[in-house]
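Chemist: My questions will all concern the structure given below.
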Amino acid sequence: MNLRRASQHVTRWGLGAFMTVAGLAHLWWARDEFHAQVPDWVPLDPDLVVVSSGIVELALGAVLVAVPARRKELAIALAVFFVMVFPGNLNQYLEGIDAFGLDTDAKRLARLFFQPPLILAALWAGGVWDRE
């Protein structure tokens, strides 16, 4: 395995673990805090949004690791998911909502800059730019 492929493999496993833990957090120990991420303009019950997104995160985390043959498609789905949850992070910043230890505007703003690297990591892990 070459260095690029090994790096993609490690990134895929890391994202799979990250998404699995995040999904479990949505469903279990951080459920109330995730409610803070749901903007008021979302026309659904906040708990439904939190539980649904947790289930999607668990599924994406599991299949990203368990189905490497579909890694490109799954990586694109994960990148799209990261884009879709960004409004919740932005809402937390704009509304000044304390959750997850993000209790200052500076911390909430800093968090916004983690989304692009997550998107790029997903695409890298899936080998989206590979010519093969």
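Residue numbers start at 1 in each chain; chains themselves are named A, B, ... in the order of the structure tokens; ligands are numbered from 1 in the order shown.
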Report as CSV: every residue of stretch 61-95 of chain A with an atom at most 10 Å from stretch 13-21 of chain A, its closest pair of atoms, and their distance in Å to one decimal, counting only C-alpha atoms, with rows sorted by chain and ascending residue number.
Modeler:
```
residue,atom,partner,partner_atom,distance
A:Gly61,CA,A:Gly16,CA,3.9
A:Ala62,CA,A:Gly16,CA,6.1
A:Val63,CA,A:Gly16,CA,7.9
A:Leu64,CA,A:Gly16,CA,5.8
A:Val65,CA,A:Gly16,CA,5.8
A:Ala66,CA,A:Gly16,CA,9.1
A:Ala75,CA,A:Leu15,CA,9.7
A:Leu78,CA,A:Leu15,CA,9.3
```
Chemist: Keeping only N, CA and C atoms, write those residues as a PDB file, in the first residue's frame.
Modeler:
```
ATOM      1  N   GLY A  61     -20.851   6.456   9.524  1.00  0.00           N
ATOM      2  CA  GLY A  61     -19.627   5.990  10.176  1.00  0.00           C
ATOM      3  C   GLY A  61     -19.391   4.509   9.950  1.00  0.00           C
ATOM      4  N   ALA A  62     -20.449   3.732  10.090  1.00  0.00           N
ATOM      5  CA  ALA A  62     -20.323   2.279   9.946  1.00  0.00           C
ATOM      6  C   ALA A  62     -20.022   1.865   8.511  1.00  0.00           C
ATOM      7  N   VAL A  63     -20.777   2.394   7.562  1.00  0.00           N
ATOM      8  CA  VAL A  63     -20.582   1.947   6.180  1.00  0.00           C
ATOM      9  C   VAL A  63     -19.301   2.502   5.570  1.00  0.00           C
ATOM     10  N   LEU A  64     -18.853   3.649   6.044  1.00  0.00           N
ATOM     11  CA  LEU A  64     -17.583   4.185   5.542  1.00  0.00           C
ATOM     12  C   LEU A  64     -16.445   3.208   5.815  1.00  0.00           C
ATOM     13  N   VAL A  65     -16.525   2.540   6.951  1.00  0.00           N
ATOM     14  CA  VAL A  65     -15.498   1.566   7.322  1.00  0.00           C
ATOM     15  C   VAL A  65     -15.804   0.181   6.752  1.00  0.00           C
ATOM     16  N   ALA A  66     -17.060  -0.212   6.813  1.00  0.00           N
ATOM     17  CA  ALA A  66     -17.433  -1.590   6.469  1.00  0.00           C
ATOM     18  C   ALA A  66     -17.566  -1.856   4.974  1.00  0.00           C
ATOM     19  N   ALA A  75     -18.032   8.711   0.763  1.00  0.00           N
ATOM     20  CA  ALA A  75     -17.298   9.922   1.124  1.00  0.00           C
ATOM     21  C   ALA A  75     -18.028  11.161   0.621  1.00  0.00           C
ATOM     22  N   LEU A  78     -20.903  11.709   2.916  1.00  0.00           N
ATOM     23  CA  LEU A  78     -20.450  12.287   4.178  1.00  0.00           C
ATOM     24  C   LEU A  78     -20.125  13.770   4.005  1.00  0.00           C
TER      25      LEU A  78
END
```
Chemist: Which residues are close to A:Ser53, i.e. within 10 Å by only C-alpha atoms, leaving aside same-chain residues fewer than 5 positions away? Reply as an MDAnalysis selection string.
Modeler: chainID A and resid 22:23 26:27 34 47:48 58:59 81 85
Chemist: Might you pull out every residue within 8 Å of A:Val83, with only C-alpha atoms counted and same-chain residues fewer than 3 positions away left off, and present them as a PDB file with all heavy atoms, in the first residue's frame?
Modeler:
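This went into result32.pdb:
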```pdb
ATOM      1  N   ALA A  79     -19.468  14.132   2.912  1.00  0.00           N
ATOM      2  CA  ALA A  79     -19.165  15.542   2.655  1.00  0.00           C
ATOM      3  C   ALA A  79     -20.450  16.353   2.532  1.00  0.00           C
ATOM      4  O   ALA A  79     -20.551  17.458   3.091  1.00  0.00           O
ATOM      5  CB  ALA A  79     -18.312  15.674   1.387  1.00  0.00           C
ATOM      6  N   VAL A  80     -21.441  15.814   1.853  1.00  0.00           N
ATOM      7  CA  VAL A  80     -22.739  16.495   1.737  1.00  0.00           C
ATOM      8  C   VAL A  80     -23.386  16.633   3.115  1.00  0.00           C
ATOM      9  O   VAL A  80     -23.939  17.684   3.449  1.00  0.00           O
ATOM     10  CB  VAL A  80     -23.666  15.749   0.747  1.00  0.00           C
ATOM     11  CG1 VAL A  80     -25.099  16.263   0.834  1.00  0.00           C
ATOM     12  CG2 VAL A  80     -23.125  15.882  -0.675  1.00  0.00           C
ATOM     13  N   PHE A  86     -23.901  22.316   8.603  1.00  0.00           N
ATOM     14  CA  PHE A  86     -23.239  23.596   8.841  1.00  0.00           C
ATOM     15  C   PHE A  86     -24.193  24.698   9.304  1.00  0.00           C
ATOM     16  O   PHE A  86     -23.832  25.490  10.193  1.00  0.00           O
ATOM     17  CB  PHE A  86     -22.460  24.047   7.611  1.00  0.00           C
ATOM     18  CG  PHE A  86     -21.672  25.298   7.838  1.00  0.00           C
ATOM     19  CD1 PHE A  86     -20.508  25.274   8.591  1.00  0.00           C
ATOM     20  CD2 PHE A  86     -22.100  26.512   7.325  1.00  0.00           C
ATOM     21  CE1 PHE A  86     -19.785  26.434   8.825  1.00  0.00           C
ATOM     22  CE2 PHE A  86     -21.378  27.678   7.543  1.00  0.00           C
ATOM     23  CZ  PHE A  86     -20.217  27.634   8.297  1.00  0.00           C
ATOM     24  N   GLN A 115     -15.374  22.899   9.703  1.00  0.00           N
ATOM     25  CA  GLN A 115     -16.225  22.226   8.725  1.00  0.00           C
ATOM     26  C   GLN A 115     -15.525  22.005   7.382  1.00  0.00           C
ATOM     27  O   GLN A 115     -15.575  20.888   6.855  1.00  0.00           O
ATOM     28  CB  GLN A 115     -17.519  23.017   8.548  1.00  0.00           C
ATOM     29  CG  GLN A 115     -18.720  22.155   8.281  1.00  0.00           C
ATOM     30  CD  GLN A 115     -19.182  21.404   9.516  1.00  0.00           C
ATOM     31  OE1 GLN A 115     -18.813  21.704  10.636  1.00  0.00           O
ATOM     32  NE2 GLN A 115     -20.003  20.414   9.304  1.00  0.00           N
ATOM     33  N   ILE A 119     -14.936  18.320   5.482  1.00  0.00           N
ATOM     34  CA  ILE A 119     -15.412  18.030   4.127  1.00  0.00           C
ATOM     35  C   ILE A 119     -14.258  17.516   3.263  1.00  0.00           C
ATOM     36  O   ILE A 119     -14.386  16.497   2.578  1.00  0.00           O
ATOM     37  CB  ILE A 119     -16.061  19.286   3.506  1.00  0.00           C
ATOM     38  CG1 ILE A 119     -17.348  19.634   4.261  1.00  0.00           C
ATOM     39  CG2 ILE A 119     -16.323  19.087   2.013  1.00  0.00           C
ATOM     40  CD1 ILE A 119     -17.877  21.027   3.980  1.00  0.00           C
TER      41      ILE A 119
END
```
Chemist: Here is a test: counting only C-alpha atoms, which residue of A:Leu24, A:Leu74, A:Pro87, A:Pro68 is nearest to A:Ser52?
Modeler: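 Answer, going by the shortest atom-to-atom distance: A:Leu24.
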Chemist: Skip A:Trp124 itself and residues of its chain fewer than 4 positions away, then list as a PDB file with all heavy atoms, in the first residue's frame all residues within 7 Å of it, counting only C-alpha atoms.
Modeler:
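Saved result, selection_2.pdb, follows:
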```pdb
ATOM      1  N   GLN A   8      -5.306   7.716   3.137  1.00  0.00           N
ATOM      2  CA  GLN A   8      -6.753   7.692   2.895  1.00  0.00           C
ATOM      3  C   GLN A   8      -7.430   6.646   3.774  1.00  0.00           C
ATOM      4  O   GLN A   8      -8.513   6.896   4.322  1.00  0.00           O
ATOM      5  CB  GLN A   8      -7.036   7.410   1.420  1.00  0.00           C
ATOM      6  CG  GLN A   8      -6.674   8.560   0.523  1.00  0.00           C
ATOM      7  CD  GLN A   8      -6.744   8.198  -0.948  1.00  0.00           C
ATOM      8  OE1 GLN A   8      -6.445   7.061  -1.343  1.00  0.00           O
ATOM      9  NE2 GLN A   8      -7.125   9.164  -1.765  1.00  0.00           N
ATOM     10  N   LEU A 120     -13.135  18.204   3.326  1.00  0.00           N
ATOM     11  CA  LEU A 120     -11.967  17.777   2.555  1.00  0.00           C
ATOM     12  C   LEU A 120     -11.460  16.412   3.008  1.00  0.00           C
ATOM     13  O   LEU A 120     -11.064  15.584   2.178  1.00  0.00           O
ATOM     14  CB  LEU A 120     -10.859  18.822   2.652  1.00  0.00           C
ATOM     15  CG  LEU A 120     -11.153  20.146   1.953  1.00  0.00           C
ATOM     16  CD1 LEU A 120     -10.050  21.165   2.257  1.00  0.00           C
ATOM     17  CD2 LEU A 120     -11.331  19.956   0.457  1.00  0.00           C
ATOM     18  N   VAL A 128     -11.796  10.543  -3.761  1.00  0.00           N
ATOM     19  CA  VAL A 128     -12.621  11.192  -4.778  1.00  0.00           C
ATOM     20  C   VAL A 128     -11.759  11.760  -5.907  1.00  0.00           C
ATOM     21  O   VAL A 128     -12.178  11.748  -7.069  1.00  0.00           O
ATOM     22  CB  VAL A 128     -13.500  12.279  -4.133  1.00  0.00           C
ATOM     23  CG1 VAL A 128     -14.224  13.111  -5.179  1.00  0.00           C
ATOM     24  CG2 VAL A 128     -14.509  11.616  -3.190  1.00  0.00           C
TER      25      VAL A 128
END
```
Chemist: Using only C-alpha atoms, which of the listed residues (A:Leu102, A:Leu109, A:Ala36, A:Leu60) sits closest to A:Ile76?
Modeler: A:Leu60
Chemist: What's the 12 Å shell around A:Asp32, counting only C-alpha atoms, without same-chain residues fewer than 5 positions away, as a list in words?
Modeler: Ala25, His26, Leu27, Gln37, Val38, Pro46, Asp47, Leu48, Val49, Val50, Val51, Asp98, Ala99 and Phe100 of chain A
Chemist: Would you please give, as a PyMOL selection string, all residues of stretch 19-66 of chain A that DSSP assigns to helix (DSSP H, G or I) based on the backbone?
Modeler: chain A and resi 19-27+31-35+46-66
Chemist: Between atom CA of A:Lys72 and atom CA of A:Trp28, measure the distance and give it in Å to one decimal.
Modeler: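 Those two atoms sit 29.6 Å apart.
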Chemist: Which of these residues is nearest to A:Pro39, using only C-alpha atoms: A:Ala77, A:Ala125, A:Val56, A:Ile97?
Modeler: A:Ile97
Chemist: Between A:Asn2, A:Thr104, A:Thr11, A:Asn91, which has the minimum distance to A:Trp41 (counting only C-alpha atoms)?
Modeler: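 Counting only C-alpha atoms, the residue closest to A:Trp41 is A:Asn91.
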Chemist: Just give me the gap between atom CA of A:Ala106 and atom CA of A:Gln92 in Å, one decimal is fine.
Modeler: 11.8 Å
Chemist: For atom CA of A:Ala121 and atom CA of A:Ala30, quote the distance in Å rounded to one decimal.
Modeler: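 These atoms are spaced 24.2 Å apart.
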